[in-house]
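my_file15.cif follows; it contains mmCIF, N, CA and C atoms.
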```cif
data_protein
loop_
_atom_site.label_atom_id
_atom_site.label_comp_id
_atom_site.auth_asym_id
_atom_site.auth_seq_id
_atom_site.Cartn_x
_atom_site.Cartn_y
_atom_site.Cartn_z
N MET R 7 2.38 -20.24 79.08
CA MET R 7 1.27 -19.45 78.58
C MET R 7 1.12 -19.69 77.08
N THR R 8 -0.09 -20.00 76.66
CA THR R 8 -0.37 -20.22 75.25
C THR R 8 -0.93 -18.94 74.63
N VAL R 9 -0.38 -18.56 73.51
CA VAL R 9 -0.85 -17.37 72.81
C VAL R 9 -1.75 -17.84 71.66
N THR R 10 -2.96 -17.32 71.63
CA THR R 10 -3.90 -17.68 70.56
C THR R 10 -4.47 -16.43 69.92
N LEU R 11 -4.95 -16.61 68.71
CA LEU R 11 -5.59 -15.52 68.00
C LEU R 11 -7.05 -15.40 68.43
N LYS R 12 -7.58 -14.20 68.41
CA LYS R 12 -9.00 -14.00 68.68
C LYS R 12 -9.80 -14.72 67.60
N ASP R 13 -10.99 -15.19 67.99
CA ASP R 13 -11.86 -15.85 67.02
C ASP R 13 -12.24 -14.92 65.87
N ASP R 14 -12.35 -13.63 66.17
CA ASP R 14 -12.73 -12.67 65.14
C ASP R 14 -11.54 -11.80 64.70
N ALA R 15 -10.33 -12.33 64.82
CA ALA R 15 -9.14 -11.57 64.43
C ALA R 15 -9.20 -11.17 62.96
N TYR R 16 -9.81 -12.02 62.13
CA TYR R 16 -9.92 -11.70 60.71
C TYR R 16 -10.74 -10.42 60.49
N LYS R 17 -11.70 -10.16 61.37
CA LYS R 17 -12.50 -8.93 61.25
C LYS R 17 -11.64 -7.70 61.53
N GLN R 18 -10.77 -7.82 62.52
CA GLN R 18 -9.85 -6.72 62.84
C GLN R 18 -8.90 -6.48 61.67
N LEU R 19 -8.42 -7.56 61.07
CA LEU R 19 -7.54 -7.45 59.91
C LEU R 19 -8.27 -6.77 58.76
N LYS R 20 -9.49 -7.20 58.49
CA LYS R 20 -10.28 -6.61 57.41
C LYS R 20 -10.50 -5.12 57.66
N SER R 21 -10.79 -4.77 58.90
CA SER R 21 -11.00 -3.38 59.27
C SER R 21 -9.74 -2.54 59.04
N GLU R 22 -8.59 -3.08 59.43
CA GLU R 22 -7.32 -2.36 59.23
C GLU R 22 -7.05 -2.12 57.75
N ILE R 23 -7.30 -3.13 56.93
CA ILE R 23 -7.06 -3.00 55.48
C ILE R 23 -8.05 -2.01 54.87
N ASP R 24 -9.34 -2.15 55.23
CA ASP R 24 -10.38 -1.27 54.68
C ASP R 24 -10.16 0.18 55.10
N ASP R 25 -9.83 0.39 56.38
CA ASP R 25 -9.63 1.76 56.89
C ASP R 25 -8.48 2.47 56.18
N ARG R 26 -7.52 1.72 55.73
CA ARG R 26 -6.36 2.31 55.04
C ARG R 26 -6.58 2.43 53.54
N GLY R 27 -7.64 1.81 53.04
CA GLY R 27 -7.92 1.86 51.60
C GLY R 27 -6.90 1.09 50.78
N ILE R 28 -6.34 0.03 51.38
CA ILE R 28 -5.31 -0.76 50.70
C ILE R 28 -5.99 -1.92 49.98
N LYS R 29 -5.52 -2.23 48.82
CA LYS R 29 -6.03 -3.38 48.07
C LYS R 29 -5.53 -4.66 48.72
N THR R 30 -6.40 -5.66 48.81
CA THR R 30 -6.00 -6.92 49.41
C THR R 30 -4.90 -7.59 48.59
N LYS R 31 -4.92 -7.39 47.29
CA LYS R 31 -3.88 -7.97 46.43
C LYS R 31 -2.51 -7.43 46.82
N PHE R 32 -2.43 -6.14 47.13
CA PHE R 32 -1.17 -5.52 47.53
C PHE R 32 -0.65 -6.17 48.82
N ILE R 33 -1.53 -6.31 49.81
CA ILE R 33 -1.12 -6.92 51.09
C ILE R 33 -0.71 -8.37 50.88
N ALA R 34 -1.50 -9.11 50.11
CA ALA R 34 -1.19 -10.52 49.85
C ALA R 34 0.19 -10.66 49.21
N ASN R 35 0.46 -9.85 48.22
CA ASN R 35 1.77 -9.90 47.56
C ASN R 35 2.89 -9.54 48.53
N LYS R 36 2.64 -8.55 49.37
CA LYS R 36 3.66 -8.09 50.30
C LYS R 36 4.02 -9.15 51.34
N ILE R 37 3.04 -9.98 51.72
CA ILE R 37 3.32 -10.98 52.75
C ILE R 37 3.52 -12.39 52.17
N GLY R 38 3.44 -12.50 50.85
CA GLY R 38 3.77 -13.76 50.20
C GLY R 38 2.69 -14.82 50.18
N ILE R 39 1.42 -14.39 50.14
CA ILE R 39 0.32 -15.34 49.99
C ILE R 39 -0.54 -14.90 48.81
N SER R 40 -1.39 -15.79 48.34
CA SER R 40 -2.24 -15.43 47.21
C SER R 40 -3.37 -14.51 47.66
N SER R 41 -3.84 -13.68 46.75
CA SER R 41 -4.95 -12.79 47.09
C SER R 41 -6.22 -13.60 47.36
N SER R 42 -6.33 -14.75 46.72
CA SER R 42 -7.48 -15.64 46.96
C SER R 42 -7.47 -16.14 48.40
N TYR R 43 -6.31 -16.57 48.86
CA TYR R 43 -6.17 -17.05 50.24
C TYR R 43 -6.51 -15.94 51.22
N LEU R 44 -5.97 -14.75 50.99
CA LEU R 44 -6.24 -13.63 51.89
C LEU R 44 -7.72 -13.28 51.86
N GLY R 45 -8.34 -13.33 50.70
CA GLY R 45 -9.78 -13.06 50.60
C GLY R 45 -10.59 -14.03 51.43
N GLN R 46 -10.19 -15.30 51.42
CA GLN R 46 -10.89 -16.30 52.21
C GLN R 46 -10.69 -16.05 53.71
N VAL R 47 -9.52 -15.60 54.09
CA VAL R 47 -9.28 -15.25 55.50
C VAL R 47 -10.17 -14.08 55.89
N LEU R 48 -10.21 -13.07 55.04
CA LEU R 48 -10.96 -11.86 55.36
C LEU R 48 -12.47 -12.09 55.43
N ASN R 49 -12.98 -13.06 54.68
CA ASN R 49 -14.42 -13.32 54.76
C ASN R 49 -14.76 -14.41 55.77
N GLY R 50 -13.74 -14.92 56.47
CA GLY R 50 -13.97 -15.87 57.55
C GLY R 50 -14.10 -17.32 57.13
N SER R 51 -13.90 -17.62 55.84
CA SER R 51 -14.02 -19.01 55.42
C SER R 51 -12.74 -19.81 55.66
N ARG R 52 -11.64 -19.13 55.89
CA ARG R 52 -10.38 -19.78 56.30
C ARG R 52 -9.91 -19.09 57.57
N PRO R 53 -9.32 -19.85 58.47
CA PRO R 53 -8.83 -19.22 59.71
C PRO R 53 -7.57 -18.38 59.46
N LEU R 54 -7.46 -17.31 60.21
CA LEU R 54 -6.25 -16.50 60.19
C LEU R 54 -5.19 -17.27 60.97
N SER R 55 -4.08 -17.58 60.32
CA SER R 55 -3.00 -18.29 61.00
C SER R 55 -2.10 -17.31 61.74
N MET R 56 -1.39 -17.82 62.70
CA MET R 56 -0.45 -16.98 63.45
C MET R 56 0.61 -16.41 62.52
N ASN R 57 1.08 -17.23 61.57
CA ASN R 57 2.10 -16.78 60.64
C ASN R 57 1.61 -15.60 59.79
N VAL R 58 0.39 -15.71 59.27
CA VAL R 58 -0.17 -14.61 58.47
C VAL R 58 -0.39 -13.39 59.35
N ALA R 59 -0.87 -13.59 60.57
CA ALA R 59 -1.08 -12.46 61.48
C ALA R 59 0.22 -11.71 61.76
N VAL R 60 1.30 -12.46 62.00
CA VAL R 60 2.60 -11.83 62.25
C VAL R 60 3.05 -11.04 61.02
N ASN R 61 2.95 -11.64 59.85
CA ASN R 61 3.39 -10.97 58.62
C ASN R 61 2.55 -9.74 58.32
N VAL R 62 1.26 -9.84 58.52
CA VAL R 62 0.37 -8.70 58.26
C VAL R 62 0.64 -7.58 59.26
N SER R 63 0.86 -7.92 60.51
CA SER R 63 1.13 -6.87 61.49
C SER R 63 2.39 -6.10 61.13
N GLN R 64 3.40 -6.81 60.63
CA GLN R 64 4.63 -6.14 60.20
C GLN R 64 4.39 -5.30 58.95
N ALA R 65 3.64 -5.84 57.98
CA ALA R 65 3.39 -5.13 56.73
C ALA R 65 2.56 -3.86 56.95
N LEU R 66 1.60 -3.93 57.88
CA LEU R 66 0.74 -2.77 58.14
C LEU R 66 1.28 -1.87 59.23
N GLY R 67 2.29 -2.35 59.95
CA GLY R 67 2.85 -1.55 61.04
C GLY R 67 1.91 -1.43 62.23
N VAL R 68 1.17 -2.51 62.50
CA VAL R 68 0.27 -2.54 63.66
C VAL R 68 0.79 -3.57 64.65
N PRO R 69 0.47 -3.39 65.92
CA PRO R 69 0.93 -4.37 66.90
C PRO R 69 0.23 -5.72 66.72
N LEU R 70 0.97 -6.78 66.84
CA LEU R 70 0.40 -8.12 66.73
C LEU R 70 -0.69 -8.33 67.78
N SER R 71 -0.58 -7.64 68.89
CA SER R 71 -1.52 -7.82 70.00
C SER R 71 -2.97 -7.54 69.63
N ILE R 72 -3.21 -6.79 68.55
CA ILE R 72 -4.61 -6.52 68.17
C ILE R 72 -5.31 -7.77 67.68
N PHE R 73 -4.55 -8.79 67.33
CA PHE R 73 -5.12 -10.05 66.85
C PHE R 73 -5.14 -11.14 67.92
N LEU R 74 -4.53 -10.88 69.08
CA LEU R 74 -4.34 -11.91 70.09
C LEU R 74 -5.38 -11.85 71.21
N ASN R 75 -5.68 -13.02 71.76
CA ASN R 75 -6.49 -13.10 72.97
C ASN R 75 -5.69 -12.51 74.12
N GLN R 76 -6.33 -11.71 74.92
CA GLN R 76 -5.67 -11.10 76.08
C GLN R 76 -6.09 -11.85 77.32
N SER R 77 -5.30 -12.85 77.72
CA SER R 77 -5.65 -13.61 78.92
C SER R 77 -4.43 -13.84 79.77
#
```

Go ahead and express the file in the form of structure tokens.
Amino acid sequence: MTVTLKDDAYKQLKSEIDDRGIKTKFIANKIGISSSYLGQVLNGSRPLSMNVAVNVSQALGVPLSIFLNQS
């Protein structure tokens, strides 16, 4: 079984960050990426990688499954 991210997983990530009122710079620093890179992921110009999804799910305390295709 292949596990893949949803095409719009970045929208879910953006929603989680916005709903919590967290600065993207804070999340980027916490997971070890630049705020510029995270900004590009959040606006859809860069794909959300599995590695970033895993790190963000741990940092935000959300299940990784919210970013995954359910098949």

Centre and edges of the region 14-28 of chain R box, axis-aligned, 8 Å extra per side, as lines of an AutoDock Vina configuration file:
```
center_x = -9.0
center_y = -5.6
center_z = 58.1
size_x = 23.4
size_y = 32.1
size_z = 32.2
```

### Task
Could you please determine the separation between CA of Leu54 (chain R) and CA of Arg26 (chain R) in Å, to one decimal place?
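Taking CA of Leu54 (chain R) and CA of Arg26 (chain R), their separation equals 19.5 Å.
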
### Message
What's the separation between atom C of Gln76 (chain R) and atom N of Gly50 (chain R), in Å to one decimal place?
### Response
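Here the two named atoms are 22.4 Å from each other.
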
### Task
Mind giving me the straight-line distance from atom C of Phe73 (chain R) to atom C of Ala15 (chain R) in Å, one decimal?
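Answer for the atom C of Phe73 (chain R) to atom C of Ala15 (chain R) separation: 6.4 Å.
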
### Message
Which residues are close to Leu70 (chain R), i.e. within 7 Å by all atoms listed in the file, leaving aside same-chain residues fewer than 3 positions away? Reply as an NGL selection string.
### Response
:R and (59-60 or 63-64 or 73-74)

Requested write-out: N, CA and C atoms of the selected residues, as an mmCIF file, keeping the file's coordinate frame:
```
data_model
loop_
_atom_site.group_PDB
_atom_site.id
_atom_site.type_symbol
_atom_site.label_atom_id
_atom_site.label_comp_id
_atom_site.auth_asym_id
_atom_site.auth_seq_id
_atom_site.Cartn_x
_atom_site.Cartn_y
_atom_site.Cartn_z
ATOM 1 N N ALA R 59 -0.870 -13.590 60.570
ATOM 2 C CA ALA R 59 -1.080 -12.460 61.480
ATOM 3 C C ALA R 59 0.220 -11.710 61.760
ATOM 4 N N VAL R 60 1.300 -12.460 62.000
ATOM 5 C CA VAL R 60 2.600 -11.830 62.250
ATOM 6 C C VAL R 60 3.050 -11.040 61.020
ATOM 7 N N SER R 63 0.860 -7.920 60.510
ATOM 8 C CA SER R 63 1.130 -6.870 61.490
ATOM 9 C C SER R 63 2.390 -6.100 61.130
ATOM 10 N N GLN R 64 3.400 -6.810 60.630
ATOM 11 C CA GLN R 64 4.630 -6.140 60.200
ATOM 12 C C GLN R 64 4.390 -5.300 58.950
ATOM 13 N N PHE R 73 -4.550 -8.790 67.330
ATOM 14 C CA PHE R 73 -5.120 -10.050 66.850
ATOM 15 C C PHE R 73 -5.140 -11.140 67.920
ATOM 16 N N LEU R 74 -4.530 -10.880 69.080
ATOM 17 C CA LEU R 74 -4.340 -11.910 70.090
ATOM 18 C C LEU R 74 -5.380 -11.850 71.210
#
```

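Shortest separation to Glu22 (chain R) among R:Ile39, R:Ala34, R:Val47, R:Ile72 occurs at residue R:Ile72, atoms counted being only C-alpha atoms.
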
### Task
Any chance you could resolve the PyMOL selection byres (((chain R and resi 42-44 and name CA) around 12) and name CA) against this file and give the residues as a VMD selection string?
chain R and resid 16 19 to 20 23 29 to 41 45 to 55 58 to 59 62

### Task
Go through R:Pro69, R:Asp24, R:Val9, R:Lys17 one by one, measure the shortest atom-to-atom distance of each to Met56 (chain R) using only C-alpha atoms, and give the residue with the smallest value.
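Nearest candidate to Met56 (chain R) out of R:Pro69, R:Asp24, R:Val9, R:Lys17: R:Val9.
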
### Task
Just list the residues in region 7-75 of chain R DSSP gives alpha helix (DSSP H) on the backbone, as a PyMOL selection string.
chain R and resi 15-26+30-37+41-48+56-66

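If you measure from each of R:Asn61, R:Gln18, R:Gly27, R:Thr10 to Asn75 (chain R) using only C-alpha atoms, the closest one turns out to be R:Thr10.
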